[in-house]
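The next block holds one structure in the form of structure tokens; read it before the comments.
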Amino acid sequence: MGKREQNQKETGNDNDKKKKQNAFKQRQPQVMGGNVRTLLWIIIAATVAYYFYASYKEPNRIDMAYSAFKREIQEGNVDTITIENKHIRGQFKEPYKKPAPGGADTLSFTAFSTVNPGYDNEGLMALLENNDVTVEARATGNRWWIWTLILLAPWILLMLWGVYIRRQMGKRMDGGGGGKDGMSGFGGLFNVGKSRAKKYRKTDETKVSFNDVAGLNNAKKELQEIVHFLKDPDRFISLGAEVPKGVLLMGAPGTGKTLLARAVAGEADVPFYSISGSEFIEMFVGVGASRVRDMFDKAKKEQPAIIYIDELDSIGRARGAGMGGGHDEREQTLNQILSELDGFEPQESVVVIAATNRPDIIDPALKRPGRFDRQITLNLPERKARVQILNIHARKVPLEEGVDMDAIAGRSVGFSGADLKNLVNEASLLAGRKKKESVGKEEFEEAVDKIILGNKRDMKINDNEQKVIAYHEAGHALTAWYLPQTDPLQKVTIIPRGQALGATQQLPELDRHNLNREYLLNRIAVSLGGRAAEKIALEDYTNGGAHDLEQATKIARQMVTRWGMSQRIGPATFTQGQEQVFLGREMTQQKNYSEKTGQIIDEEIQNIVNSMEEKALNLLKEHKTGLDKLVEELIEHETLEKEDVLRILQNK
């Protein structure tokens with residue numbers, strides 16, 4: 001055998017030994033943990049068994065007085081007895097009868113037990129011999145160890161439980177193992193301040209790239225620049241550029257913040273650490289700050305690297321705004337993050353990406369230049385982006401011919417990326433329930449209705465209530481149909497869905513970014529159209545318009561106090577607090593207008609709502625024939641599409 005082959009063989013043997021040692025080390029804490037649990041259960045079972053044994057009572061045995069016991073001997077009804085110290089047990093020759101409580105039945109006993117008072121031993125023995133009673137005597141047992149076990153058992157159980165809890169803490173903090181020095185039961189106590197950030201591992205199954213993110217082009221450009229910097233920092237450093245220290249992703253839930261972070265991890269060929277903001281906080285003071293230090297130390301050792309902090313608002317909430325002091329655990333953790341961001345040297349290629357859907361409560365110190373240099377806002381996707389998102393999520397879905405993603409995107413205005421993913425999944429589930437092999441247009445439309453309007457409810461509605469609901473929804477539909485600058489009518493139904501007994505669906509043809517005064521006023525009129533129809537048909541109102549009134553009042557208040565659309569108030573903004581009670585600001589913030597101005601605001605809101613209700617009433621009176629015809633068709637078919645409404649109104 002050559003020297004080279006021999007070295008390879010020795011190296012292979014060493015590797016095998018190391019693998020076996022590592023496997024033994026990984027297995028050892030589990031074995032020790034299993035032994036502790038086994039011993040714990042054995043002690044519990046033994047203690048419970050002894051308590052049952054000590055309290056065991058033979059069936060059909062009666063505890064009787066000593067005098068009654070002697071009387072039964074004299075009557076010749078005692079067969080055998082066993083004497084142990086002062087305790088006497090035995091068997092009757094004939095069953096001992098005793099009236100049951102209440103006197104209805106009679107209880108029968110074949111065995112007995114009693115206690116010898118100790119002063120009548122000689123007389124008792126003579127009485128037993130005269131009546132031919134078989135006597136068995138037993139020596140008193142020494143049960144000190146049993147009572148010792150009973151006294152110590154709770155403390156032993158408590159100690160073992162404490163060891164077990166510490167072992168579980170060690171596994172949780174160390175990722176499943178114990179301490180390296182053999183103190184496996186106490187590993188968690190010594191490693192509680194270690195970072196719990198997970199290092200991203202790229203695989204073909206989990207890898208996400210920027211091609212998997214539809215829309216969000218501006219955000220992708222910003223993040224692609226950071227990826228390029230980390231891959232080739234010399235190209236930027238030669239031009240005097242410095243790597244951005246932090247990127248803050250801000251947007252509503254479901255807009256793709258976490259997906260973008262996963263795409264960065266898939267694109268960047270650098271270590272990527274991911275952690276949630278809540279994982280820094282523990283019950284022990286100083287643990288969060290220690291974990292922040294440890295996480296940044298690990299990233300600096302492997303630079304260039306990326307740290308991703310999800311839900312930054314859980315630890316980055318504005319300081320000094322609450323009622324408490326400034327020495328709590330969350331605030332210390334935030335201070336440590338600020339220190340670490342400031343502590344970066346220009347040559348350190350470590351970028352922190354954070355995400356939040358509450359940018360309004362983030363501490364201003366985090367958002368200043370030099371910390372989170374770039375703040376990227378992610379908005380809800382527009383129609384073109386919605387089509388791309390639907391196509392991405394439908395790549396693995398077998399689609400029927402005729403499925404138009406552009407039409408589906410047109411019906412899903414206001415949907416986030418997560419909503420669109422859920423839409424495709426709901427359509428697939430509906431097709432699966434129907435035992436179809438592909439997903440068609442019908443399933444997508446039903447999924448849209450389910451998400452927007454809610455699930456159908458199985459409930460019995462009498463004819464009178466159904467007529468009221470039909471008039472209410474027909475009122476919404478007609479006002480939306482005839483008023484200008486309103487979102488086109490899509491569907492009207494009197495099938496109960498979600499919390500509503502009926503629904504009228506409107507969808508804008510284009511994504512709206514600016515809302516003019518006429519459009520907002522007509523929206524209020526449409527909201528009050530159901531109430532106006534009830535007034536015309538029933539000469540009364542029902543409680544079905546509660547949500548409509550809430551929406552109408554909310555729009556009117558914003559028109560008056562925020563958008564300057566009131567002639568009496570003019571171009572001014574009047575706010576009342578920031579609606580951030582949990583920050584402690586609402587308690588000290590005064591409304592910025594006088595009582596007289598507040599009265600004018602209330603009057604203007606009331607005037608807008610009343611005038612729009614009058615407008616809806618006049619419109620429905622003018623088209624009373626169409627209203628009645630629409631109600632008849634709704635009662636007959638329960639759901640009408642916009643084509644059906646057009647046909648009905650043209651042939652009225």
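Residues in the structure tokens are numbered from 1 in each chain, the chains being A, B, ... in the order shown, and ligands are numbered from 1 in the order shown.
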
Once you count only C-alpha atoms, what closest atom pair and distance in Å to one decimal does each residue of stretch 491-548 of chain A within 8 Å of stretch 635-648 of chain A have, with rows by chain and rising residue number, as JSON lines?
{"residue": "A:Lys491", "atom": "CA", "partner": "A:Glu641", "partner_atom": "CA", "distance": 4.5}
{"residue": "A:Val492", "atom": "CA", "partner": "A:Leu640", "partner_atom": "CA", "distance": 5.4}
{"residue": "A:Thr493", "atom": "CA", "partner": "A:Thr639", "partner_atom": "CA", "distance": 4.2}
{"residue": "A:Ile494", "atom": "CA", "partner": "A:Glu638", "partner_atom": "CA", "distance": 5.4}
{"residue": "A:Ile495", "atom": "CA", "partner": "A:Glu638", "partner_atom": "CA", "distance": 6.3}

Selection from above, N, CA, C and O atoms, as a CSV table (one decimal), in the first residue's frame, can you write it?
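Saved result, selection.csv, follows:
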chain,number,residue,atom,x,y,z
A,491,LYS,N,-72.3,43.3,-9.5
A,491,LYS,CA,-73.2,42.3,-9.1
A,491,LYS,C,-74.1,42.7,-7.9
A,491,LYS,O,-73.6,43.5,-7.1
A,492,VAL,N,-75.3,42.2,-7.8
A,492,VAL,CA,-76.2,42.5,-6.7
A,492,VAL,C,-76.8,41.1,-6.3
A,492,VAL,O,-77.3,40.4,-7.2
A,493,THR,N,-76.9,40.8,-5.0
A,493,THR,CA,-77.4,39.6,-4.5
A,493,THR,C,-78.1,39.7,-3.2
A,493,THR,O,-77.8,40.7,-2.4
A,494,ILE,N,-79.1,38.9,-3.0
A,494,ILE,CA,-79.7,38.8,-1.7
A,494,ILE,C,-79.4,37.5,-1.0
A,494,ILE,O,-80.2,37.2,0.0
A,495,ILE,N,-78.4,36.8,-1.4
A,495,ILE,CA,-77.9,35.6,-0.7
A,495,ILE,C,-77.1,36.1,0.5
A,495,ILE,O,-76.1,36.8,0.3

With stretch 468-478 of chain A as the partner and 8 Å as the cut-off, tabulate the residues of stretch 515-543 of chain A that qualify, each row holding the nearest pair of atoms and their distance in Å to one decimal, using only C-alpha atoms, sorted by chain and rising number, as a Markdown table.
| residue | atom | partner | partner_atom | distance |
| --- | --- | --- | --- | --- |
| A:Val526 | CA | A:His476 | CA | 5.5 |
| A:Ser527 | CA | A:His476 | CA | 6.6 |
| A:Leu528 | CA | A:His476 | CA | 7.4 |
| A:Gly529 | CA | A:His476 | CA | 4.7 |
| A:Gly530 | CA | A:His472 | CA | 4.0 |
| A:Arg531 | CA | A:His472 | CA | 6.4 |
| A:Ala532 | CA | A:Gly475 | CA | 6.9 |
| A:Ala533 | CA | A:Gly475 | CA | 5.0 |
| A:Glu534 | CA | A:His472 | CA | 6.0 |
| A:Ala537 | CA | A:Tyr471 | CA | 7.4 |

Name all residues at most 8 Å from A:Leu127 (count only C-alpha atoms; drop same-chain ones fewer than 4 positions away) and give them as an mmCIF file with N, CA, C and O atoms, in the first residue's frame.
data_model
loop_
_atom_site.group_PDB
_atom_site.id
_atom_site.type_symbol
_atom_site.label_atom_id
_atom_site.label_comp_id
_atom_site.auth_asym_id
_atom_site.auth_seq_id
_atom_site.Cartn_x
_atom_site.Cartn_y
_atom_site.Cartn_z
ATOM 1 N N ILE A 73 -67.879 -11.747 68.820
ATOM 2 C CA ILE A 73 -67.131 -12.939 69.243
ATOM 3 C C ILE A 73 -67.980 -13.775 70.199
ATOM 4 O O ILE A 73 -68.061 -15.007 70.088
ATOM 5 N N GLN A 74 -68.597 -13.081 71.151
ATOM 6 C CA GLN A 74 -69.425 -13.791 72.129
ATOM 7 C C GLN A 74 -70.594 -14.509 71.457
ATOM 8 O O GLN A 74 -71.017 -15.579 71.897
ATOM 9 N N GLY A 123 -58.077 -10.607 78.532
ATOM 10 C CA GLY A 123 -59.490 -10.941 78.406
ATOM 11 C C GLY A 123 -59.867 -11.241 76.962
ATOM 12 O O GLY A 123 -60.690 -12.125 76.690
ATOM 13 N N ASN A 131 -64.288 -19.171 72.057
ATOM 14 C CA ASN A 131 -65.228 -19.178 70.931
ATOM 15 C C ASN A 131 -64.593 -19.729 69.644
ATOM 16 O O ASN A 131 -65.109 -19.497 68.551
#

* Asked: Expressed in Å to a single decimal, how great is the separation between atom CA of A:Leu248 and atom CA of A:Ala354?
  ->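 Value for the atom CA of A:Leu248-atom CA of A:Ala354 distance: 4.9 Å.
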
* To do: Tell me, as number ranges by chain, which residues lie within 12 Å of A:Lys460, counting only C-alpha atoms; anything in the same chain fewer than 6 positions away does not count.
  => A: 466, 495-496, 501

Would you write out those residues with N, CA, C and O atoms, as a tab-separated table (two decimals), in the first residue's frame?
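Saved to again.tsv:
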chain	number	residue	atom	x	y	z
A	466	GLN	N	-87.18	38.81	3.01
A	466	GLN	CA	-86.52	38.72	1.71
A	466	GLN	C	-86.88	39.92	0.83
A	466	GLN	O	-86.04	40.47	0.11
A	495	ILE	N	-78.38	36.82	-1.39
A	495	ILE	CA	-77.94	35.61	-0.69
A	495	ILE	C	-77.09	36.05	0.51
A	495	ILE	O	-76.13	36.81	0.34
A	496	PRO	N	-77.42	35.62	1.71
A	496	PRO	CA	-76.61	36.03	2.87
A	496	PRO	C	-75.16	35.56	2.74
A	496	PRO	O	-74.90	34.38	2.47
A	501	LEU	N	-76.80	40.31	4.98
A	501	LEU	CA	-77.93	39.55	4.43
A	501	LEU	C	-78.01	39.69	2.92
A	501	LEU	O	-78.73	38.94	2.26

* Mind checking which residues fall within 9 Å of A:Asn335, counting only C-alpha atoms, ignoring those fewer than 5 positions away in the same chain, and posting them as an MDAnalysis selection string? => chainID A and resid 289 330 340

Quick one: everything within 7 Å of A:Ile389, counting only C-alpha atoms, minus sequence neighbours fewer than 3 positions away in the same chain. Send it as a PDB file with C-alpha atoms, in the first residue's frame.
ATOM      1  CA  ALA A 214     -44.148  40.607  -9.547  1.00  0.00           C
ATOM      2  CA  ALA A 385     -48.892  43.882 -11.378  1.00  0.00           C
ATOM      3  CA  ARG A 386     -51.937  41.896 -10.226  1.00  0.00           C
ATOM      4  CA  ILE A 392     -46.863  33.507 -10.891  1.00  0.00           C
ATOM      5  CA  HIS A 393     -49.149  31.793  -8.392  1.00  0.00           C
ATOM      6  CA  GLY A 417     -50.111  39.933  -3.124  1.00  0.00           C
TER       7      GLY A 417
END

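Using only C-alpha atoms, the smallest distance between any of A:Leu515, A:Asp63, A:Ser274, A:Asp487 and A:Thr258 comes from A:Ser274.
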
* Can you list, as a ChimeraX atom specification, every protein, DNA or RNA residue that comes within 12 Å of A:Ala68 when you count only C-alpha atoms, leaving out same-chain residues fewer than 6 positions away? -> /A:62,74-75,77-78,96,112-116

* Between atom CA of A:Ile362 and atom CA of A:Pro271, what is the spacing in Å? ->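 The value is 26.9 Å.
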
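If you measure from each of A:Ser438, A:Thr573, A:Thr553, A:Gln558 to A:Val609 using only C-alpha atoms, the closest one turns out to be A:Thr553.
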
* Can you work out the spacing between atom CA of A:Ile376 and atom CA of A:Gln332 in Å, to one decimal? => 26.3 Å

* **All strand (DSSP E or B) positions in stretch 440-547 of chain A, as a PyMOL selection string** => chain A and resi 456+489-493+497+500+503-506
